[in-house]
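The structure appears right after this line, and notes come after that.
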Amino acid sequence: MEVVQLLLGGIASGCIYGLIALGFVLIYKATESVNFAQGDMMMLGAFITLQLTNTDYWNLPFWAAVPLAIAIMAVIGYGLEALVIRKLFGQPQFAVVILTIAIGFVLRFIAGFIWGHQPQSLETPFTGINLRFSGLVIGLDEVFVIGVTLVLTLGLYLFFAKTKLGIAMQAASQNQLAAYYMGVPVKLINGIIWAMAGGIAAVAGVMFAARGAIDPSMGLLGIKAFAAAVIGGFGSLPGALIGGLIIGIIEPFAARYGAPGYSQIAPYALMLLVLVLRPNGLFSQVQSKKV
Amino acid sequence: MADAPVLETRNLEAFYGAVMALRGVSIEVPHGKIVTILGANGAGKTTLLKTISGVLDPEKGQILLEGEQIQGMDPDAIVRRGIAHVPEGREVFPFLNVEENLRMGAYTRSDNEVEDDLEMVYSYFPILKERINQAAGFLSGGQQQMLAIGRGLMARPKILLLDEPSLGLSPLLVQEIFGIIKRLNSEQGVTMMLVEQNAKVALKAAHFGYVMEIGRIVMAGKCEELLASEDIQEFYLGVSGESQRTQKRWKRKKTWR
């Protein structure tokens, strides 16, 4: 029973890691560079929702605030790509990586400036409500997190596999030049990808905030999600989710059965192990080009 | 205007960084014909195609598609206007399957005849239909080339730009691909611009030919004339002149130098 309990909690936090990792992978696949501000975008999404819905602030209904926050984050993501990242088009990827780290710092500072550095908690309709099944206690927030992740994953899968725009996004990430030749508007597509990453970050932020207090430095969680993306094989969407789940599950078990501190090390130890044994990650798409 | 060329470039100049890759190129591609551009490595053939399809912007000069200037437009706008580019080295989307690759070729189209064109492509390349659900990265080189050509056709272009379709293929496959290229031209009336290093196959498939050297057009003519020209025979077809000593005594100079 205890194992099931730990497992459920692990899956719920794994879903959050997985969603942030999804944002990493989306942007990596589209632009071949890593967006280290992904965690901070999640933080921003959480704070925007908090601003919209908490009684101390604007007091909008929760179910109106969340879509609004997702939309705002999508616009912010698109704006970042169009106004900042696109200017570095053709520069070394290294420059983009440093730039995203800097964007992360800026976002953290802005959030601290607006909302302060004290931890705050988001008011959600399901905070503190628990469901009990014969000795098993499941928080409604955990159910919410797992359910939303499932729906979002299914939606993203269908979008990428079935729609013309989704397939064009895959095509642009596999061979940008050829996508240009086919008349795919690659720049616009990169912008849309950043918008999607922003929206997903907002969802992850709300889910994280539903389970605990948030403060401007919570974006550092992104590093753990980065490990999840690496474990899954950077560049694979299902890999990112599964990598997130693995890390989410391993943490509570390491905390329960391991010595103190193990739970902090476990995700990164696992990442090292995966890098040694399967350098391309668990679900990588790697292929050499035929001449 | 029926006799206006589908595609025309006038004094096109383009740079690769500081290198002047095109030094005033003027060519014409008439409707329904295959025009080939021959030349050695680094002559500027690929640059010419990239400039036409909008991936590179020309420094000077004009590109006219059916009399309309299109130089400096974005690649997607140019595809929409009817130029499809089959890039050098095939450049298929490796993790998309064959059908998705072909449908990407029709990305800019929203009419409902895409299905008919899909069938048309499969009728010319039946092997693609057999591999319809296979990821393009797992096709052989020849099949990838067929896929790349089919993908270009899916845009239902006014002109198809083919960059080195023979690259890395066995002589037998080259024959097969060029046979299909000729059939596409005669049966479907596809206008094509064909860039090739393999001068022999290209001159046999095309109607008109241009010879490029270091960014300039140095020779132009009907393919039969070019095939018969001594310069072309010597430098591009590798036919050596016969002499009494079965060995040449002097090194031929190109007449255009």
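Each chain in the structure tokens gets a letter, A, B and so on, in the order shown; residues start at 1 in every chain, and ligands are counted from 1 in the order they appear.
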Note to self: Taking the DSSP secondary structure from the backbone, can you list the residues of region 40-238 of chain A that are helix (DSSP H, G or I), as a PyMOL selection string?
What the structure shows: chain A and resi 40-53+62-83+85-88+93-115+140-162+164-174+176-181+186-211+216-232+237-238
Write out the residues from the selection above, keeping C-alpha atoms, as a short mmCIF file (atom, residue, chain, number, x, y, z; two decimals), in the first residue's frame.
```cif
data_model
loop_
_atom_site.label_atom_id
_atom_site.label_comp_id
_atom_site.auth_asym_id
_atom_site.auth_seq_id
_atom_site.Cartn_x
_atom_site.Cartn_y
_atom_site.Cartn_z
CA ASP A 40 11.50 29.97 -15.62
CA MET A 41 8.75 30.13 -18.21
CA MET A 42 6.93 27.56 -16.08
CA MET A 43 7.46 29.77 -13.03
CA LEU A 44 6.12 32.77 -14.92
CA GLY A 45 3.08 30.79 -16.04
CA ALA A 46 2.36 29.81 -12.45
CA PHE A 47 2.67 33.39 -11.22
CA ILE A 48 0.49 34.76 -13.99
CA THR A 49 -2.21 32.26 -13.03
CA LEU A 50 -1.77 33.26 -9.40
CA GLN A 51 -2.11 36.91 -10.30
CA LEU A 52 -5.29 36.21 -12.23
CA THR A 53 -7.09 33.92 -9.83
CA PHE A 62 -9.84 29.37 -11.74
CA TRP A 63 -11.17 27.83 -14.96
CA ALA A 64 -11.04 31.19 -16.71
CA ALA A 65 -7.62 32.08 -15.32
CA VAL A 66 -5.86 28.95 -16.55
CA PRO A 67 -6.69 29.26 -20.28
CA LEU A 68 -5.92 32.96 -20.07
CA ALA A 69 -2.52 32.25 -18.49
CA ILE A 70 -1.80 29.64 -21.16
CA ALA A 71 -2.65 32.17 -23.86
CA ILE A 72 -0.49 34.87 -22.24
CA MET A 73 2.45 32.47 -21.97
CA ALA A 74 2.00 31.41 -25.59
CA VAL A 75 2.19 35.05 -26.65
CA ILE A 76 5.26 35.57 -24.47
CA GLY A 77 6.89 32.45 -25.99
CA TYR A 78 6.14 33.62 -29.52
CA GLY A 79 7.40 37.10 -28.70
CA LEU A 80 10.65 35.77 -27.25
CA GLU A 81 11.29 33.82 -30.45
CA ALA A 82 10.32 36.58 -32.83
CA LEU A 83 12.00 39.47 -31.06
CA ILE A 85 15.93 34.39 -30.55
CA ARG A 86 15.34 34.99 -34.27
CA LYS A 87 17.95 37.76 -34.22
CA LEU A 88 20.55 35.12 -33.49
CA GLN A 93 23.94 27.47 -31.06
CA PHE A 94 26.13 28.26 -28.09
CA ALA A 95 25.04 31.90 -28.34
CA VAL A 96 21.37 30.90 -28.21
CA VAL A 97 21.96 28.70 -25.16
CA ILE A 98 23.65 31.52 -23.25
CA LEU A 99 20.88 33.87 -24.32
CA THR A 100 18.19 31.55 -22.94
CA ILE A 101 20.06 31.27 -19.65
CA ALA A 102 20.08 35.07 -19.50
CA ILE A 103 16.36 35.20 -20.33
CA GLY A 104 15.82 32.84 -17.40
CA PHE A 105 17.60 35.24 -15.04
CA VAL A 106 15.61 38.17 -16.35
CA LEU A 107 12.30 36.36 -15.90
CA ARG A 108 13.27 35.36 -12.36
CA PHE A 109 14.14 38.95 -11.55
CA ILE A 110 10.94 40.34 -13.03
CA ALA A 111 8.84 37.79 -11.13
CA GLY A 112 10.66 38.63 -7.89
CA PHE A 113 10.09 42.30 -8.53
CA ILE A 114 6.36 41.92 -9.14
CA TRP A 115 5.38 39.14 -6.77
CA LEU A 140 -7.47 15.54 -6.05
CA ASP A 141 -4.55 17.62 -7.30
CA GLU A 142 -2.67 14.43 -8.18
CA VAL A 143 -5.63 13.16 -10.17
CA PHE A 144 -5.81 16.53 -11.91
CA VAL A 145 -2.12 16.50 -12.76
CA ILE A 146 -2.14 12.98 -14.16
CA GLY A 147 -5.35 13.52 -16.09
CA VAL A 148 -4.23 16.78 -17.66
CA THR A 149 -0.91 15.28 -18.68
CA LEU A 150 -2.64 12.34 -20.35
CA VAL A 151 -5.00 14.60 -22.27
CA LEU A 152 -2.24 16.99 -23.26
CA THR A 153 0.02 14.16 -24.40
CA LEU A 154 -2.72 12.61 -26.48
CA GLY A 155 -3.55 15.99 -27.98
CA LEU A 156 0.07 16.69 -28.86
CA TYR A 157 0.47 13.22 -30.33
CA LEU A 158 -2.56 13.65 -32.58
CA PHE A 159 -1.45 17.14 -33.54
CA PHE A 160 2.02 16.00 -34.61
CA ALA A 161 0.91 12.78 -36.29
CA LYS A 162 -2.28 13.83 -38.03
CA LYS A 164 -0.66 19.14 -41.76
CA LEU A 165 0.89 21.79 -39.53
CA GLY A 166 2.13 19.14 -37.10
CA ILE A 167 3.73 17.08 -39.84
CA ALA A 168 5.27 20.24 -41.27
CA MET A 169 6.75 20.93 -37.83
CA GLN A 170 8.26 17.46 -37.76
CA ALA A 171 9.57 17.99 -41.27
CA ALA A 172 11.10 21.35 -40.39
CA SER A 173 12.88 19.83 -37.42
CA GLN A 174 14.21 16.89 -39.42
CA GLN A 176 15.07 22.63 -42.14
CA LEU A 177 16.47 23.40 -45.57
CA ALA A 178 14.26 20.85 -47.31
CA ALA A 179 11.27 22.26 -45.43
CA TYR A 180 12.15 25.65 -46.90
CA TYR A 181 12.24 24.09 -50.37
CA VAL A 186 9.99 27.80 -41.21
CA LYS A 187 10.33 31.06 -39.26
CA LEU A 188 6.62 31.19 -38.49
CA ILE A 189 6.72 27.54 -37.45
CA ASN A 190 9.59 28.20 -35.04
CA GLY A 191 7.53 30.97 -33.52
CA ILE A 192 4.54 28.66 -33.12
CA ILE A 193 6.78 26.04 -31.48
CA TRP A 194 7.93 28.61 -28.91
CA ALA A 195 4.33 29.59 -28.33
CA MET A 196 3.45 25.95 -27.72
CA ALA A 197 6.40 25.58 -25.35
CA GLY A 198 5.16 28.67 -23.49
CA GLY A 199 1.64 27.25 -23.23
CA ILE A 200 2.91 23.90 -21.99
CA ALA A 201 5.13 25.70 -19.48
CA ALA A 202 2.04 27.49 -18.16
CA VAL A 203 0.21 24.17 -17.75
CA ALA A 204 3.20 22.67 -15.94
CA GLY A 205 3.38 25.77 -13.75
CA VAL A 206 -0.26 25.54 -12.74
CA MET A 207 0.16 21.84 -12.00
CA PHE A 208 3.22 22.48 -9.89
CA ALA A 209 1.53 25.33 -8.06
CA ALA A 210 -1.49 23.12 -7.36
CA ARG A 211 0.74 20.82 -5.34
CA PRO A 216 10.51 32.98 -8.30
CA SER A 217 13.37 30.51 -7.99
CA MET A 218 11.21 27.46 -8.64
CA GLY A 219 12.33 27.60 -12.27
CA LEU A 220 15.52 25.83 -11.19
CA LEU A 221 13.35 22.75 -11.26
CA GLY A 222 13.98 23.02 -14.97
CA ILE A 223 17.41 21.46 -14.45
CA LYS A 224 15.75 18.30 -13.20
CA ALA A 225 13.45 18.33 -16.19
CA PHE A 226 16.50 18.78 -18.37
CA ALA A 227 17.87 15.56 -16.89
CA ALA A 228 14.52 13.94 -17.73
CA ALA A 229 14.80 15.09 -21.34
CA VAL A 230 18.35 13.71 -21.55
CA ILE A 231 17.27 10.36 -20.10
CA GLY A 232 14.45 10.15 -22.61
CA LEU A 237 8.59 13.66 -27.26
CA PRO A 238 7.45 10.37 -25.68
#
```
Item checked: Who sits within 10 Å of region 229-233 of chain B, only C-alpha atoms, same chain under 4 positions skipped, as a PyMOL selection string -> chain B and resi 38+199-200+211+219+221+223-225+237-241+252-256
Margin query: Please identify all residues of chain B having at least one atom at most 8 Å from any atom of chain A, considering only C-alpha atoms, and return them as a PyMOL selection string.
Written below: chain B and resi 53+55+75-80+84-87+89+91-96+100+104-108+137+141+152+155+168
Note to self: Report as a list in words all protein, DNA and RNA residues lying within 9 Å of Tyr28 (chain A), evaluated on only C-alpha atoms, omitting residues in the same chain fewer than 6 positions from it.
What the structure shows: Val34, Asn35, Ser173, Phe234 and Gly235 of chain A
Written selection (C-alpha atoms) as an mmCIF file, in the first residue's frame:
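For reference, part27.cif as written:
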```cif
data_model
loop_
_atom_site.group_PDB
_atom_site.id
_atom_site.type_symbol
_atom_site.label_atom_id
_atom_site.label_comp_id
_atom_site.auth_asym_id
_atom_site.auth_seq_id
_atom_site.Cartn_x
_atom_site.Cartn_y
_atom_site.Cartn_z
ATOM 1 C CA VAL A 34 18.272 24.231 -25.763
ATOM 2 C CA ASN A 35 15.993 26.718 -24.053
ATOM 3 C CA SER A 173 12.877 19.826 -37.418
ATOM 4 C CA PHE A 234 16.821 14.622 -26.317
ATOM 5 C CA GLY A 235 14.619 15.044 -29.327
#
```
Next item on the list: Would you list the contacts of Ser121 (chain A) as a ChimeraX atom specification, taking every protein, DNA or RNA residue within 7 Å and counting only C-alpha atoms, but skipping same-chain residues closer than 3 positions in sequence?
Entry: /A:209,212-214
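Taking CA of Ile132 (chain B) and CA of Ala30 (chain A) as the two end points, the separation is 25.4 Å.
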Item checked: Which of B:Val174, B:Arg109, B:Lys182, B:Val98 sits closest to Leu147 (chain B) [using only C-alpha atoms] -> B:Val98
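Look at Asn41 (chain B): the protein and nucleic acid residues within 12 Å of it, using only C-alpha atoms and passing over chain neighbours fewer than 4 places away, are Ala21, Lys45, Thr46, Thr47, Glu164, Val195, Glu196, Gln197, Asn198, Met212, Glu213, Ile214 and Gly215 of chain B.
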Write the selection just made, keeping C-alpha atoms, as a PDB file, in the first residue's frame?
```
ATOM      1  CA  ALA B  21      29.465  32.610 -57.051  1.00  0.00           C
ATOM      2  CA  LYS B  45      25.216  25.492 -60.673  1.00  0.00           C
ATOM      3  CA  THR B  46      23.739  24.758 -57.266  1.00  0.00           C
ATOM      4  CA  THR B  47      24.052  28.408 -56.292  1.00  0.00           C
ATOM      5  CA  GLU B 164      22.128  16.464 -59.489  1.00  0.00           C
ATOM      6  CA  VAL B 195      21.735  20.672 -63.068  1.00  0.00           C
ATOM      7  CA  GLU B 196      24.196  17.876 -63.669  1.00  0.00           C
ATOM      8  CA  GLN B 197      27.836  16.898 -63.581  1.00  0.00           C
ATOM      9  CA  ASN B 198      27.079  13.791 -65.581  1.00  0.00           C
ATOM     10  CA  MET B 212      28.800  27.032 -66.610  1.00  0.00           C
ATOM     11  CA  GLU B 213      32.299  27.754 -65.442  1.00  0.00           C
ATOM     12  CA  ILE B 214      33.253  29.733 -62.362  1.00  0.00           C
ATOM     13  CA  GLY B 215      29.976  31.597 -62.201  1.00  0.00           C
TER      14      GLY B 215
END
```
Next item on the list: Using DSSP on the backbone coordinates, identify all residues within region 45-130 of chain B classified as strand (DSSP E); present the result as JSON, numbers by chain.
Entry: {"B": [60, 61, 62, 63, 64, 65, 68, 69, 83, 84, 85, 86]}
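Taking only C-alpha atoms into account, Leu160 (chain B) lies nearest to B:Gly32 out of the set B:Pro58, B:Gly142, B:Gly32, B:Pro126.
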Item checked: Atomic distance CA of Gly17 (chain B) - CA of Leu49 (chain B), expressed in Å with one decimal -> 17.0 Å
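Separating CA of Gly61 (chain B) from CA of Asp74 (chain B) is a distance of 16.6 Å.
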